[in-house]
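This is target28.csv. It holds CSV, C-alpha atoms.
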```csv
chain,number,residue,atom,x,y,z
O,873,MET,CA,0.0,0.0,0.0
O,874,ALA,CA,1.4,3.4,-1.0
O,875,GLN,CA,2.3,5.7,1.8
O,876,HIS,CA,0.9,9.3,1.6
O,877,ILE,CA,3.5,11.9,1.6
O,878,LYS,CA,2.5,15.3,2.9
O,879,THR,CA,4.3,18.4,1.7
O,880,ASP,CA,4.6,21.9,3.1
O,881,VAL,CA,3.3,23.7,0.0
O,882,ASP,CA,0.0,23.6,-1.8
O,883,ARG,CA,-0.1,21.1,-4.7
O,884,PRO,CA,-2.7,19.8,-7.1
O,885,SER,CA,-5.0,17.1,-5.7
O,886,ASP,CA,-3.9,13.5,-5.7
O,887,LYS,CA,-6.4,12.9,-8.5
O,888,VAL,CA,-4.5,15.2,-10.8
O,889,LEU,CA,-1.2,13.6,-9.7
O,890,THR,CA,-2.3,10.1,-10.4
O,891,GLU,CA,-4.0,10.5,-13.8
O,892,GLY,CA,-1.7,10.4,-16.7
O,893,LYS,CA,-1.3,8.9,-20.1
O,894,LYS,CA,2.2,7.6,-19.4
O,895,GLY,CA,1.6,6.4,-15.9
O,896,SER,CA,5.2,6.3,-14.8
O,897,PHE,CA,5.7,7.2,-11.1
O,898,ILE,CA,8.3,9.7,-10.3
O,899,LEU,CA,9.6,10.6,-6.8
O,900,ILE,CA,11.4,13.9,-6.1
O,901,ILE,CA,13.6,14.3,-3.1
O,902,ASP,CA,14.5,18.0,-2.8
O,903,ASP,CA,14.4,20.5,0.0
O,904,GLU,CA,13.4,23.5,-2.2
O,905,PRO,CA,9.6,23.7,-2.6
O,906,ASP,CA,9.9,25.8,-5.7
O,907,ILE,CA,12.1,23.2,-7.5
O,908,CYS,CA,9.6,20.5,-6.4
O,909,ARG,CA,6.7,22.4,-7.7
O,910,LEU,CA,8.4,23.3,-11.0
O,911,LEU,CA,9.3,19.7,-11.6
O,912,GLN,CA,5.9,18.4,-10.4
O,913,LEU,CA,3.9,20.7,-12.6
O,914,SER,CA,6.1,20.1,-15.7
O,915,LEU,CA,6.0,16.3,-15.2
O,916,VAL,CA,2.3,16.1,-14.5
O,917,LYS,CA,1.6,18.1,-17.6
O,918,HIS,CA,3.4,15.4,-19.6
O,919,GLY,CA,1.3,12.6,-18.0
O,920,TYR,CA,3.6,11.4,-15.2
O,921,LYS,CA,2.5,10.6,-11.6
O,922,VAL,CA,4.6,12.7,-9.2
O,923,LYS,CA,5.2,12.8,-5.5
O,924,TYR,CA,7.8,14.8,-3.7
O,925,VAL,CA,9.4,15.0,-0.2
O,926,HIS,CA,11.7,17.6,1.3
O,927,ALA,CA,14.1,15.4,3.3
O,928,LEU,CA,16.4,12.5,2.6
O,929,THR,CA,15.1,10.5,5.6
O,930,GLU,CA,11.5,10.8,4.3
O,931,GLY,CA,12.5,9.8,0.8
O,932,MET,CA,14.5,6.8,2.0
O,933,GLN,CA,11.5,5.7,4.1
O,934,TYR,CA,9.2,6.1,1.1
O,935,LEU,CA,11.6,3.9,-1.0
O,936,GLN,CA,11.3,1.2,1.6
O,937,HIS,CA,7.6,0.9,0.7
O,938,GLN,CA,7.3,1.8,-2.9
O,939,GLN,CA,9.8,1.9,-5.8
O,940,PRO,CA,9.3,4.8,-8.3
O,941,ASP,CA,10.0,4.4,-12.0
O,942,LEU,CA,12.5,7.3,-11.7
O,943,LEU,CA,14.0,9.4,-8.9
O,944,PHE,CA,15.1,13.0,-8.8
O,945,LEU,CA,17.6,13.3,-6.0
O,946,ASP,CA,19.0,16.6,-4.7
O,947,ILE,CA,22.7,16.1,-3.7
O,948,HIS,CA,22.6,18.6,-0.8
O,949,LEU,CA,19.8,18.1,1.6
O,950,PRO,CA,19.4,19.5,5.2
O,951,ASP,CA,19.4,16.0,6.8
O,952,GLY,CA,22.0,14.3,4.7
O,953,SER,CA,23.8,14.0,1.4
O,954,GLY,CA,21.9,12.6,-1.6
O,955,LEU,CA,25.3,11.7,-3.0
O,956,GLU,CA,26.2,9.6,0.0
O,957,ALA,CA,22.7,7.9,-0.1
O,958,LEU,CA,22.9,7.1,-3.8
O,959,PRO,CA,24.9,3.8,-3.4
O,960,ALA,CA,22.3,2.5,-0.9
O,961,ILE,CA,19.5,3.6,-3.2
O,962,LYS,CA,21.1,1.8,-6.2
O,963,LYS,CA,21.7,-1.3,-4.1
O,964,LYS,CA,18.1,-1.5,-3.1
O,965,CYS,CA,16.8,-0.5,-6.5
O,966,PRO,CA,19.5,-1.3,-9.1
O,967,ALA,CA,17.4,-0.6,-12.2
O,968,LEU,CA,16.1,2.7,-10.8
O,969,PRO,CA,17.1,5.7,-13.0
O,970,VAL,CA,18.3,8.5,-10.7
O,971,ILE,CA,18.6,12.1,-11.9
O,972,THR,CA,20.7,14.0,-9.4
O,973,ILE,CA,20.1,17.7,-9.1
O,974,SER,CA,22.4,20.3,-7.5
O,975,ALA,CA,23.0,24.1,-7.4
O,976,TYR,CA,26.7,23.2,-7.5
O,977,ASP,CA,27.6,22.7,-11.2
O,978,ASN,CA,31.4,22.5,-10.9
O,979,GLY,CA,32.1,19.3,-12.9
O,980,MET,CA,33.4,17.5,-9.8
O,981,GLU,CA,29.8,17.3,-8.4
O,982,LYS,CA,28.6,15.8,-11.7
O,983,GLN,CA,31.4,13.3,-11.9
O,984,LYS,CA,30.9,12.2,-8.2
O,985,ALA,CA,27.2,11.8,-8.9
O,986,LEU,CA,27.7,9.7,-12.0
O,987,ASN,CA,30.4,7.6,-10.3
O,988,ALA,CA,28.0,6.9,-7.4
O,989,GLY,CA,25.4,5.6,-9.8
O,990,ALA,CA,23.4,8.5,-11.1
O,991,SER,CA,22.0,8.2,-14.6
O,992,TYR,CA,22.1,11.9,-15.2
O,993,PHE,CA,23.1,15.2,-13.5
O,994,MET,CA,21.0,18.3,-13.8
O,995,ALA,CA,22.3,21.7,-12.5
O,996,LYS,CA,20.0,24.2,-10.8
O,997,PRO,CA,18.5,26.3,-12.1
O,998,PHE,CA,17.4,24.2,-15.0
O,999,ASN,CA,15.1,24.5,-18.0
O,1000,VAL,CA,12.1,22.3,-18.1
O,1001,THR,CA,11.7,22.6,-21.9
O,1002,ASN,CA,13.4,19.3,-22.7
O,1003,LEU,CA,12.3,17.5,-19.6
O,1004,ASP,CA,9.8,15.2,-21.3
O,1005,GLU,CA,12.5,14.1,-23.8
O,1006,LEU,CA,14.9,13.4,-20.9
O,1007,MET,CA,12.3,11.5,-19.0
O,1008,SER,CA,11.4,9.3,-22.0
O,1009,ASP,CA,15.1,8.6,-22.5
O,1010,MET,CA,15.7,7.7,-18.9
O,1011,LEU,CA,12.6,5.5,-18.6
O,1012,ARG,CA,13.4,3.7,-21.9
O,1013,GLN,CA,16.8,2.8,-20.6
O,1014,LYS,CA,15.3,1.2,-17.5
```

Mind converting the file's structure to structure tokens?
Amino acid sequence: MAQHIKTDVDRPSDKVLTEGKKGSFILIIDDEPDICRLLQLSLVKHGYKVKYVHALTEGMQYLQHQQPDLLFLDIHLPDGSGLEALPAIKKKCPALPVITISAYDNGMEKQKALNAGASYFMAKPFNVTNLDELMSDMLRQK
């Protein structure tokens, strides 16, 4: 049974979040509400089911109960490092595509994320224009 995740910002109803032509479920773990909302609205518009949480511990608990089809993971979270959690996530869900996101786009962050098992690295701020294409590529590789 899916666990309900509460957020600290308004969001579309669960009905809107769960109806979609593509049906793939995406989990976002990021502490910035604006980033979560931007991703959520863009992905829902393209037919994906989306949930987000703002803490690594909450995201890890969610992954214990349900595996998404794709994960957006912030590297720097207030309660831990997404980068350090990535190997454990990949061990539990080896086929899960993980897109790491970070405000630090210095090349080293990207390389560390890819070495830890990320499928893709997105620097903040990012443009959602090509998000649907990226999602299709990530989910096709799964």

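Summary of the local environment: counting all atoms listed in the file, residues at most 8 Å from range 960-963 of chain O, other than itself and those fewer than 5 positions away along its chain, are Met932, Leu968 and Gly989 of chain O.
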
Shell of 6 Å around His926 in chain O, only C-alpha atoms, local chain residues under 2 positions omitted, as a PyMOL selection string: chain O and resi 901-903

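CA of Phe944 in chain O lies 7.7 Å from CA of Ile898 in chain O.
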
Residues within 9 Å of (14.2, 22.7, -8.9), counting all atoms listed in the file, listed as a PDB file with C-alpha atoms, in the coordinates of the input:
```
ATOM      1  CA  ASP O 902      14.500  18.000  -2.800  1.00  0.00           C
ATOM      2  CA  GLU O 904      13.400  23.500  -2.200  1.00  0.00           C
ATOM      3  CA  PRO O 905       9.600  23.700  -2.600  1.00  0.00           C
ATOM      4  CA  ASP O 906       9.900  25.800  -5.700  1.00  0.00           C
ATOM      5  CA  ILE O 907      12.100  23.200  -7.500  1.00  0.00           C
ATOM      6  CA  CYS O 908       9.600  20.500  -6.400  1.00  0.00           C
ATOM      7  CA  ARG O 909       6.700  22.400  -7.700  1.00  0.00           C
ATOM      8  CA  LEU O 910       8.400  23.300 -11.000  1.00  0.00           C
ATOM      9  CA  LEU O 911       9.300  19.700 -11.600  1.00  0.00           C
ATOM     10  CA  ASP O 946      19.000  16.600  -4.700  1.00  0.00           C
ATOM     11  CA  ILE O 973      20.100  17.700  -9.100  1.00  0.00           C
ATOM     12  CA  SER O 974      22.400  20.300  -7.500  1.00  0.00           C
ATOM     13  CA  ALA O 995      22.300  21.700 -12.500  1.00  0.00           C
ATOM     14  CA  LYS O 996      20.000  24.200 -10.800  1.00  0.00           C
ATOM     15  CA  PRO O 997      18.500  26.300 -12.100  1.00  0.00           C
ATOM     16  CA  PHE O 998      17.400  24.200 -15.000  1.00  0.00           C
TER      17      PHE O 998
END
```

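When only C-alpha atoms are used to compute distances to Ala957 in chain O, the closest of the residues O:Leu943, O:Leu928, O:Ile900, O:Met1010 turns out to be O:Leu928.
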
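You can rank O:Phe993, O:Asp1004, O:Glu956, O:Lys917 by their closest distance to Met980 in chain O using all atoms listed in the file, and at the top of that list sits O:Phe993.
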
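Ranking O:Thr929, O:Gln939, O:Gln912, O:Ser953 by their shortest atom-to-atom distance to Pro966 in chain O, with all atoms listed in the file included, puts O:Gln939 first.
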
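Interatomic distance, CA of Pro950 in chain O to CA of His937 in chain O: 22.5 Å.
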
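Within the 7 Å cut-off around Tyr992 in chain O, using all atoms listed in the file and omitting residues fewer than 5 positions from it on the same chain, the listed residues are Val970, Ile971, Thr972 and Leu986 of chain O.
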
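Comparing the minimum interatomic distances between Gly954 in chain O and each of O:Leu942, O:Ala990, O:Ala967, O:Leu935, counting all atoms listed in the file, we find that O:Ala990 sits nearest.
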
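Atom pair CA of Leu949 in chain O / CA of Arg1012 in chain O: separated by 28.3 Å.
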
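Distance annotation: of O:Lys921, O:Cys965, O:Leu958, O:Leu913, the residue with the minimal separation from Leu945 in chain O is O:Leu958; atom set is all atoms listed in the file.
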
Residue nearest Pro940 in chain O - candidates O:Val922, O:Leu1003, O:Leu915, O:Ala975, atoms counted: all atoms listed in the file: O:Val922

Residues within 12 Å of Asn1002 in chain O, all atoms listed in the file, excluding chain neighbours under 4 positions, as a list of chain:residue names: O:Leu911, O:Ser914, O:Leu915, O:His918, O:Met994, O:Phe998, O:Leu1006, O:Met1007, O:Ser1008, O:Asp1009
